[in-house]
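Written out below as structure tokens is the structure these notes cover.
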Amino acid sequence: MTSSEVYRIGSVTYDSSTRTLTHDNGQTEYFTPRVSDVFLLLLAHQGKCVEKEFLLSQCWGDTIVSEQALTNVISKLRKVLAKHALEMITITTVSKSGYLLEVKEENFSSKYQQESCDSILEHVSEDVVVEKDNVKIKETQLPLYSNKRVFYFLLIITIMLVSMFIYTNNKISTLPYFIDTKNYNNELIVGSNHIYYDNIDKYKVDKIFFIKDIKKGVSSICKSKVFIQFYYNTRIANNTAVVVFIITSDGRTFNFRMSKYINGGFSKQLNDYLKSKEIIC
């Protein structure tokens, strides 16, 4: 996800250096730096759920903003894609988690108007509520002596509960991509801690120094899982940044990031962060 990449998706082309989305019909849209950052990060992890906190940390850096800022950017991005590439690119809202961008292999007809993920989720929710309300109304009107009506009422309730269980189970199984160990090429055990990190060679990080750094950085914690990802900071040219996601043995989660990775400085900042959060053995 460098600043000079050009992406070709179906009938549209996106040039990240100029932040320009161009359709084959000649129509052009210009992205703001923030919209471009979010789009490139989602595109880099297409097909996987990207956590809101991860998007905020990578695209806003050390600036403190609310989730509404991210929601506004996603809304702007959806409007542009709906205008030029709705049949090719969709952004799905993963409930209480993040966003998932998918590039479709086969384009839908341009006549087909697909709703946004937020609208779809809202419609599903409304349908369930209306259905429940109908059931309640019928329940109040059912005569006690009607075994047939009681049977149908129980059948409807059973179908609803099974449907809700399947839907909820599917949502829960959609884990953020960065806490899935399958997405990491390397595993390192430091004491009782399990460290997972991706292929650092392409980010020009010295592996020997990194291992020394991480051993010092997590020296104060134990029985924790630590997930580390390097990435190109899209706001600073030729700069490697790092984000660390920690899950402690008691289920607490913490997120640490550095907008510019520095050997030696990384271990000290990470260790200070863990101690400031009282994540110590």
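We label chains A, B, ... in the order they appear in the structure tokens, count residues from 1 in each chain, and number ligands from 1 in the order shown.
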Set the distance at 7 Å and use only C-alpha atoms: which residues neighbour Glu102 (chain A) once local chain neighbours fewer than 2 positions away are removed? I'd like the list as a ChimeraX atom specification. /A:46-47,89-91,100,104
Include N, CA, C and O atoms and write out the residues we just selected as a PDB file, in the first residue's frame.
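Printed below is result_19.pdb as written:
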ATOM      1  N   GLN A  46      -8.778  -6.657   1.520  1.00  0.00           N
ATOM      2  CA  GLN A  46     -10.085  -6.992   0.967  1.00  0.00           C
ATOM      3  C   GLN A  46     -10.485  -8.420   1.307  1.00  0.00           C
ATOM      4  O   GLN A  46      -9.669  -9.333   1.337  1.00  0.00           O
ATOM      5  N   GLY A  47     -11.756  -8.583   1.615  1.00  0.00           N
ATOM      6  CA  GLY A  47     -12.271  -9.897   1.988  1.00  0.00           C
ATOM      7  C   GLY A  47     -12.108 -10.206   3.458  1.00  0.00           C
ATOM      8  O   GLY A  47     -12.502 -11.280   3.914  1.00  0.00           O
ATOM      9  N   ILE A  89     -17.440  -3.176  -6.254  1.00  0.00           N
ATOM     10  CA  ILE A  89     -16.870  -3.037  -4.917  1.00  0.00           C
ATOM     11  C   ILE A  89     -17.978  -2.768  -3.903  1.00  0.00           C
ATOM     12  O   ILE A  89     -18.821  -1.908  -4.129  1.00  0.00           O
ATOM     13  N   THR A  90     -17.976  -3.515  -2.816  1.00  0.00           N
ATOM     14  CA  THR A  90     -18.938  -3.269  -1.740  1.00  0.00           C
ATOM     15  C   THR A  90     -18.201  -3.165  -0.409  1.00  0.00           C
ATOM     16  O   THR A  90     -17.170  -3.801  -0.208  1.00  0.00           O
ATOM     17  N   ILE A  91     -18.730  -2.337   0.483  1.00  0.00           N
ATOM     18  CA  ILE A  91     -18.182  -2.188   1.835  1.00  0.00           C
ATOM     19  C   ILE A  91     -19.276  -2.595   2.816  1.00  0.00           C
ATOM     20  O   ILE A  91     -20.319  -1.950   2.902  1.00  0.00           O
ATOM     21  N   LEU A 100     -15.727  -4.403   6.023  1.00  0.00           N
ATOM     22  CA  LEU A 100     -15.191  -5.430   5.143  1.00  0.00           C
ATOM     23  C   LEU A 100     -15.424  -5.005   3.699  1.00  0.00           C
ATOM     24  O   LEU A 100     -16.558  -4.789   3.280  1.00  0.00           O
ATOM     25  N   LYS A 104     -15.921  -7.903  -6.251  1.00  0.00           N
ATOM     26  CA  LYS A 104     -16.650  -9.009  -6.858  1.00  0.00           C
ATOM     27  C   LYS A 104     -15.996  -9.448  -8.170  1.00  0.00           C
ATOM     28  O   LYS A 104     -15.570  -8.629  -8.965  1.00  0.00           O
TER      29      LYS A 104
END
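The interatomic distance for the pair CA of Asn186 (chain A) and CA of Asn199 (chain A) works out to 7.3 Å.
All residues in region 168-232 of chain A with a DSSP state of alpha helix (DSSP H), computed from the backbone, read Thr168, Asn169, Asn170, Lys171, Ile172, Lys207, Ile208, Phe209, Phe210, Ile211, Lys212, Asp213, Ile214, Lys215, Lys216 and Gly217 of chain A.
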Would you mind listing what lies within 9 Å of Glu53 (chain A) as a ChimeraX atom specification, with only C-alpha atoms counted and same-chain residues fewer than 6 positions away left out? /A:67,97-98,255
Please dump the current selection as a PDB file, in the first residue's frame; keep all heavy atoms.
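Written output follows (out-v6.pdb):
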ATOM      1  N   GLU A  67     -15.479   7.714  16.652  1.00  0.00           N
ATOM      2  CA  GLU A  67     -15.814   6.779  15.581  1.00  0.00           C
ATOM      3  C   GLU A  67     -16.665   7.438  14.502  1.00  0.00           C
ATOM      4  O   GLU A  67     -16.717   6.968  13.372  1.00  0.00           O
ATOM      5  CB  GLU A  67     -16.554   5.565  16.158  1.00  0.00           C
ATOM      6  CG  GLU A  67     -15.667   4.597  16.894  1.00  0.00           C
ATOM      7  CD  GLU A  67     -16.395   3.307  17.240  1.00  0.00           C
ATOM      8  OE1 GLU A  67     -17.547   3.133  16.786  1.00  0.00           O
ATOM      9  OE2 GLU A  67     -15.818   2.483  17.970  1.00  0.00           O
ATOM     10  N   SER A  97     -17.855  -4.263  15.109  1.00  0.00           N
ATOM     11  CA  SER A  97     -16.490  -4.679  14.836  1.00  0.00           C
ATOM     12  C   SER A  97     -15.787  -3.707  13.900  1.00  0.00           C
ATOM     13  O   SER A  97     -14.953  -2.923  14.318  1.00  0.00           O
ATOM     14  CB  SER A  97     -16.485  -6.099  14.244  1.00  0.00           C
ATOM     15  OG  SER A  97     -15.162  -6.535  14.051  1.00  0.00           O
ATOM     16  N   GLY A  98     -16.139  -3.746  12.610  1.00  0.00           N
ATOM     17  CA  GLY A  98     -15.440  -2.903  11.656  1.00  0.00           C
ATOM     18  C   GLY A  98     -16.085  -2.932  10.291  1.00  0.00           C
ATOM     19  O   GLY A  98     -17.306  -3.012  10.161  1.00  0.00           O
ATOM     20  N   ASN A 255      -4.271  -1.909  22.471  1.00  0.00           N
ATOM     21  CA  ASN A 255      -3.761  -1.590  21.140  1.00  0.00           C
ATOM     22  C   ASN A 255      -2.653  -0.540  21.258  1.00  0.00           C
ATOM     23  O   ASN A 255      -2.865   0.544  21.786  1.00  0.00           O
ATOM     24  CB  ASN A 255      -4.892  -1.055  20.256  1.00  0.00           C
ATOM     25  CG  ASN A 255      -4.463  -0.885  18.820  1.00  0.00           C
ATOM     26  OD1 ASN A 255      -3.719  -1.694  18.294  1.00  0.00           O
ATOM     27  ND2 ASN A 255      -4.924   0.167  18.190  1.00  0.00           N
TER      28      ASN A 255
END
Could you give me, as number ranges by chain, the residues within 8 Å of region 21-26 of chain A, counting only C-alpha atoms and dropping anything in the same chain fewer than 3 positions from it? A: 11-15, 29-31, 84
I need the chosen residues saved as a tab-separated table (two decimals), in the first residue's frame, with C-alpha atoms.
chain	number	residue	atom	x	y	z
A	11	SER	CA	-14.12	-0.63	-15.22
A	12	VAL	CA	-12.49	1.77	-12.74
A	13	THR	CA	-8.89	2.75	-12.02
A	14	TYR	CA	-7.62	4.26	-8.79
A	15	ASP	CA	-4.30	6.13	-8.73
A	29	GLU	CA	-13.60	11.55	-8.64
A	30	TYR	CA	-10.89	12.96	-6.35
A	31	PHE	CA	-10.52	11.51	-2.87
A	84	HIS	CA	-18.91	4.56	-10.22
So, counting only C-alpha atoms, which residue among A:Leu270, A:Ile157, A:Leu188, A:Ile179 is closest to Ile221 (chain A)?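 Between A:Leu270, A:Ile157, A:Leu188, A:Ile179, the residue approaching Ile221 (chain A) most closely is A:Leu270.
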Looking only at strand (DSSP E) from DSSP on the backbone, list the matching residues of region 235-279 of chain A as a list of chain:residue names. A:Thr240, A:Ala241, A:Val242, A:Val243, A:Val244, A:Phe245, A:Ile246, A:Ile247, A:Thr253, A:Phe254, A:Asn255, A:Phe256, A:Arg257, A:Met258
Can those selected residues be exported to a file as a short mmCIF file (atom, residue, chain, number, x, y, z; two decimals), in the first residue's frame so that it contains C-alpha atoms?
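Everything below was put into part_12.cif:
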data_model
loop_
_atom_site.label_atom_id
_atom_site.label_comp_id
_atom_site.auth_asym_id
_atom_site.auth_seq_id
_atom_site.Cartn_x
_atom_site.Cartn_y
_atom_site.Cartn_z
CA THR A 240 7.30 1.83 8.11
CA ALA A 241 4.83 1.95 11.00
CA VAL A 242 3.78 -0.79 13.41
CA VAL A 243 0.65 -1.71 15.36
CA VAL A 244 0.56 -4.18 18.28
CA PHE A 245 -2.61 -5.85 19.54
CA ILE A 246 -2.37 -7.52 22.97
CA ILE A 247 -4.79 -10.04 24.49
CA THR A 253 -7.34 -6.23 24.98
CA PHE A 254 -4.97 -3.35 24.27
CA ASN A 255 -3.76 -1.59 21.14
CA PHE A 256 -0.31 0.02 20.80
CA ARG A 257 1.01 1.76 17.72
CA MET A 258 4.05 3.65 16.43
#
